[in-house]
Amino acid sequence: MSEAASATPFCVVRPSSVGQVRDIVAVANERKTPIVPYGGGSGLMGGALSVMRGIVLDMRDMDRVVAVDRDAMTATVEAGAVLEPVEKKLNERGLMLGHDPWTFPVATVGGAISTDGLGYRGGKYGSMGDQVLGIEAVLPLGSIIRTPAVSKRSTGIDLKRLLIGGEGCFGIITEATLRVFPAPEKRSLSAYRFASFEQGFAAVQTIYSKGLKPAVMDFGDDAEKFGGDALLYLGFEGVAEVVEAEERAALALCDRGGGAPLPREEAERFWRDRHRVGYLFAQNRGRGRGGGGWGEGVLRDWLHVALPVSRVVDFRRMAIEMAGKRGVCLEESGVWTHPELFSLRLAIAAGGDGRLVLADTVDELLRRAHEAGGSMEYCHGVGVKLARLMEREHDSGLEAMRRIKQVLDPNQIMNPGKLGL
Ligand SMILES: Cc1cc2nc3c(=O)[nH]c(=O)nc-3n(C[C@H](O)[C@H](O)[C@H](O)COP(=O)(O)OP(=O)(O)OC[C@H]3O[C@@H](n4cnc5c(N)ncnc54)[C@H](O)[C@@H]3O)c2cc1C
């Protein structure tokens with residue numbers, strides 16, 4: 001996968017109101033200057049990277065929690081607000097966000113919506129996009145749209161969907177009304193060890209096929225940590241009686257599926273440490289993950305593909321074999337939140353043609369994901385990293401997307417070079 005060249009921006013602007021965002025968009029149209037919306041900068045695909053000289057629109061001064069409606073269970077929040085402080089404000093009122101990614105202390109509401117991210121509790125509450133009820137945004141020609149904060153309407157296409165997963169190419173999100181949730185009466189976490197990936201995955205599949213919906217599900221192998229075994233973390237949360245009943249049913253399926261229960265502290269540690277990397281990132285110590293970082297003398301890359309559940313086990317087997325033949329190690333693989341979200345961590349020794357071999361292996365795996373009837377990315381967006389593969393992902397749908405973009409953004413000012421548009 002090629003690395004995109006970056007360009008030094010002309011300026012960084014930090015607006016503090018939707019009116020100011022509109023004014024900046026007007027200037028950018030007049031001068032035909034690109035605008036790159038910027039949230040926490042934690043995106044893995046280079047979506048907030050400037051590839052042409054232009055204006056970086058740093059949204060982090062728009063960070064207010066504008067309103068919380070306890071009856072409607074909604075919070076209206078400015079787009080530059082970082083998730084963790086929003087969560088803290090909600091917690092004071094017995095509420096919480098449903099979106100809880102690794103990068104909780106860094107990622108902003110606007111960045112999470114623009115990538116339609118997925119967090120640890122996504123199994124119960126869905127992706128960030130699923131939690132957006134209403135949106136306020138400045139479109140590329142400067143008009144402001146506000147969609148009502150309702151969970152559904154039947155009045156034509158839903159314009160907020162242009163912004164969800166839109167990576168700043170179709171407009172700038174300035175505010176969103178999010179569905180919020182009651183702080184759970186009970187959360188119960190458990191851990192199981194399985195003798196193989198296949199055995200554990202079968203148990204996971206059974207749990208979902210019975211209609212159980214763990215809030216937290218993280219399953220996978222890690223050659224270094226567990227040898228050939230695979231570990232499953234499960235978490236249920238909500239009303240105590242429901243949590244107990246759901247957990248009892250899920251754990252019985254794990255027992256029946258051949259899993260060995262581990263002490264609960266194991267799962268609680270996993271839960272406690274879940275934002276550790278996010279805090280490192282916040283201190284500027286975790287950067288580099290997306291570009292293949294971490295570890296002396298080793299290059300790594302992470303993939304998060306969407307696969308039909310029935311293809312996961314075969315895909316993994318193929319990936320180990322194919323990567324192995326090229327000298328690339330599949331260090332870790334697994335599913336989290338949904339059994340169709342398959343993640344892989346690949347590594348190769350740095351130096352020589354390591355970078356090229358790793359990039360080529362990633363390309364081939366993404367091609368195989370398409371061939372399996374899946375998608376190349378589940379929750380981190382496209383940015384510049386996957387832009388050139390968008391045609392294969394969408395086929396003639398990409399042309400439709402490009403036409404929409406052309407009509408909305410005739411001067412091509414909104415985050416050019418991203419999403420393959
Ligand atoms: C170590 C690590 C772990 C991660 N774990 C997760 C995880 O568990 N789950 C997950 O979903 N993601 C994860 N990510 C990816 C990243 O944190 C998310 O994509 C996050 O939602 C990005 O938010 P941000 O505010 O940092 O956005 P940025 O990186 O600043 O921007 C991302 C994209 O959104 C656009 N954008 C930002 N703000 C706006 C706006 N107001 N209007 C329009 N467009 C905008 C940008 O132009 C860019 O295209 C991880 C990243 C790292 C480095």
# chains A, B, ... in the order shown; residues from 1 in each chain; ligands from 1

$ residues_around --residues "Asn91 of chain A" --least-positions-apart "2" --cutoff "12 Å" --atoms "only C-alpha atoms" --output "ChimeraX atom specification"
/A:68,75,84-89,93-98,180-184

$ residues_near_ligand --ligand "ligand 1" --cutoff "7 Å" --atoms "only C-alpha atoms and all ligand atoms" --output "JSON, numbers by chain"
{"A": [36, 37, 38, 39, 40, 41, 42, 43, 44, 47, 48, 59, 79, 80, 101, 102, 103, 106, 107, 108, 109, 110, 111, 112, 113, 114, 115, 116, 117, 118, 119, 120, 163, 166, 167, 168, 171, 172, 173, 174, 277, 278, 281, 286, 287, 289, 290, 379, 380, 381, 383, 415]}

$ write_last_selection --atoms "C-alpha atoms" --output "PDB file, in the first residue's frame"
ATOM      1  CA  VAL A  36      -9.283  19.313   5.846  1.00  0.00           C
ATOM      2  CA  PRO A  37     -11.510  18.805   8.902  1.00  0.00           C
ATOM      3  CA  TYR A  38      -9.422  17.702  11.874  1.00  0.00           C
ATOM      4  CA  GLY A  39     -10.667  16.167  15.120  1.00  0.00           C
ATOM      5  CA  GLY A  40      -8.358  14.258  17.440  1.00  0.00           C
ATOM      6  CA  GLY A  41      -6.040  13.204  14.600  1.00  0.00           C
ATOM      7  CA  SER A  42      -6.259   9.564  15.723  1.00  0.00           C
ATOM      8  CA  GLY A  43      -7.664   8.207  12.461  1.00  0.00           C
ATOM      9  CA  LEU A  44      -5.745   5.208  11.150  1.00  0.00           C
ATOM     10  CA  GLY A  47      -8.208  10.958   6.589  1.00  0.00           C
ATOM     11  CA  ALA A  48      -7.095  14.092   8.443  1.00  0.00           C
ATOM     12  CA  MET A  59     -12.638  21.458  15.367  1.00  0.00           C
ATOM     13  CA  ALA A  79     -18.392  17.989  16.873  1.00  0.00           C
ATOM     14  CA  GLY A  80     -14.980  18.829  18.309  1.00  0.00           C
ATOM     15  CA  PRO A 101     -13.205   2.988  21.248  1.00  0.00           C
ATOM     16  CA  TRP A 102      -9.586   2.416  22.255  1.00  0.00           C
ATOM     17  CA  THR A 103      -8.979   6.084  21.533  1.00  0.00           C
ATOM     18  CA  VAL A 106      -8.468  11.414  22.032  1.00  0.00           C
ATOM     19  CA  ALA A 107     -11.136  10.864  19.385  1.00  0.00           C
ATOM     20  CA  THR A 108     -13.772  13.538  18.830  1.00  0.00           C
ATOM     21  CA  VAL A 109     -17.491  13.163  18.198  1.00  0.00           C
ATOM     22  CA  GLY A 110     -17.042  14.523  14.635  1.00  0.00           C
ATOM     23  CA  GLY A 111     -14.116  12.213  13.865  1.00  0.00           C
ATOM     24  CA  ALA A 112     -15.978   9.167  15.204  1.00  0.00           C
ATOM     25  CA  ILE A 113     -19.076   9.978  13.131  1.00  0.00           C
ATOM     26  CA  SER A 114     -16.999  10.706  10.026  1.00  0.00           C
ATOM     27  CA  THR A 115     -15.365   7.273  10.214  1.00  0.00           C
ATOM     28  CA  ASP A 116     -18.470   5.542  11.583  1.00  0.00           C
ATOM     29  CA  GLY A 117     -16.241   4.056  14.272  1.00  0.00           C
ATOM     30  CA  LEU A 118     -16.927   1.100  16.495  1.00  0.00           C
ATOM     31  CA  GLY A 119     -16.096   0.794  20.177  1.00  0.00           C
ATOM     32  CA  TYR A 120     -15.891  -1.914  22.826  1.00  0.00           C
ATOM     33  CA  LEU A 163     -21.831  12.776   6.849  1.00  0.00           C
ATOM     34  CA  GLY A 166     -18.159  10.642   4.899  1.00  0.00           C
ATOM     35  CA  GLU A 167     -14.641  11.460   6.214  1.00  0.00           C
ATOM     36  CA  GLY A 168     -15.167  15.182   5.754  1.00  0.00           C
ATOM     37  CA  GLY A 171     -19.316  18.571   4.581  1.00  0.00           C
ATOM     38  CA  ILE A 172     -18.209  19.543   8.050  1.00  0.00           C
ATOM     39  CA  ILE A 173     -20.155  18.204  11.007  1.00  0.00           C
ATOM     40  CA  THR A 174     -20.568  20.950  13.571  1.00  0.00           C
ATOM     41  CA  VAL A 277      -3.067   2.785  24.220  1.00  0.00           C
ATOM     42  CA  GLY A 278      -5.457   5.717  23.871  1.00  0.00           C
ATOM     43  CA  PHE A 281      -1.663   8.282  22.088  1.00  0.00           C
ATOM     44  CA  GLY A 286       1.309   5.876  20.547  1.00  0.00           C
ATOM     45  CA  ARG A 287       1.442   7.444  17.109  1.00  0.00           C
ATOM     46  CA  ARG A 289       0.127   2.425  14.459  1.00  0.00           C
ATOM     47  CA  GLY A 290      -1.576   2.951  11.128  1.00  0.00           C
ATOM     48  CA  CYS A 379     -14.755   0.721  11.187  1.00  0.00           C
ATOM     49  CA  HIS A 380     -11.716   2.911  10.494  1.00  0.00           C
ATOM     50  CA  GLY A 381     -12.610   4.510   7.191  1.00  0.00           C
ATOM     51  CA  GLY A 383      -8.690   8.000   4.131  1.00  0.00           C
ATOM     52  CA  ASN A 415     -10.906  17.000   2.023  1.00  0.00           C
TER      53      ASN A 415
END

$ atom_distance --atom1 "atom CA of Val382 of chain A" --atom2 "atom CA of Gly46 of chain A"
8.1 Å

$ atom_distance --atom1 "atom CA of Leu49 of chain A" --atom2 "atom CA of Pro416 of chain A"
10.1 Å

$ atom_distance --atom1 "atom CA of Leu57 of chain A" --atom2 "atom CA of Glu30 of chain A"
16.5 Å

$ select_by_dssp --residues "segment 57-279 of chain A" --states "strand (DSSP E or B)" --output "JSON, numbers by chain"
{"A": [57, 58, 65, 66, 67, 68, 69, 74, 75, 76, 77, 78, 82, 95, 96, 108, 132, 133, 134, 135, 136, 137, 138, 144, 145, 146, 172, 173, 174, 175, 176, 177, 178, 179, 181, 182, 186, 187, 188, 189, 190, 191, 192, 193, 194, 216, 217, 218, 219, 220, 221, 222, 230, 231, 232, 233, 234, 235, 236, 237, 238, 260, 261, 262]}

$ closest_residue --among "A:Pro140, A:Pro148, A:Gly374, A:Gly351" --to "Leu299 of chain A" --atoms "only C-alpha atoms"
A:Gly351

$ residues_around --residues "Arg22 of chain A" --least-positions-apart "5" --cutoff "12 Å" --atoms "only C-alpha atoms" --output "compact mmCIF listing (two decimals) with C-alpha atoms, in the first residue's frame"
# COMPACT_ATOMS: atom_id res chain seq x y z
CA PRO A 15 -13.60 27.84 14.65
CA SER A 16 -15.83 28.21 17.66
CA SER A 17 -19.25 28.35 16.00
CA VAL A 27 -13.38 31.83 1.78
CA ALA A 28 -12.18 28.37 0.71
CA ASN A 29 -14.68 28.34 -2.16
CA ILE A 35 -10.27 22.30 3.73
CA LEU A 57 -10.03 23.05 10.22
CA GLU A 136 -25.87 19.83 11.96
CA ALA A 137 -23.33 20.31 9.20
CA VAL A 138 -21.94 22.88 6.81
CA LEU A 139 -22.08 21.54 3.26
CA PRO A 140 -19.22 22.25 0.81
CA LEU A 141 -20.97 25.26 -0.78
CA GLY A 142 -21.68 26.78 2.63
CA SER A 143 -25.29 25.90 3.34
CA ILE A 144 -26.07 24.65 6.83
CA ILE A 145 -28.22 21.55 7.19
CA GLY A 171 -19.32 18.57 4.58
CA ILE A 172 -18.21 19.54 8.05
CA ILE A 173 -20.15 18.20 11.01
CA THR A 174 -20.57 20.95 13.57

$ closest_residue --among "A:Asp63, A:Glu241, A:Glu247, A:Glu377" --to "Ala81 of chain A" --atoms "only C-alpha atoms"
A:Asp63

$ select_by_dssp --residues "segment 82-246 of chain A" --states "helix (DSSP H, G or I)" --output "PyMOL selection string"
chain A and resi 83-91+109-114+122-125+129-131+160-163+197-209+223-226+240-246

$ closest_residue --among "A:Asp130, A:Glu78, A:Glu371, A:Asp353" --to "Glu175 of chain A" --atoms "only C-alpha atoms"
A:Glu78

$ residues_around --residues "Phe270 of chain A" --least-positions-apart "4" --cutoff "12 Å" --atoms "only C-alpha atoms" --output "list in words"
Trp102, Tyr120, Leu189, Ser190, Ala191, Val216, Met217, Asp218, Phe219, Leu231, Leu232, Tyr233, Leu234, Gly235, Pro263, Arg264, Glu265, Glu266, Arg274, His275 and Arg276 of chain A

$ closest_residue --among "A:Met62, A:Val21, A:Val13, A:Val328" --to "Arg355 of chain A" --atoms "only C-alpha atoms"
A:Val328
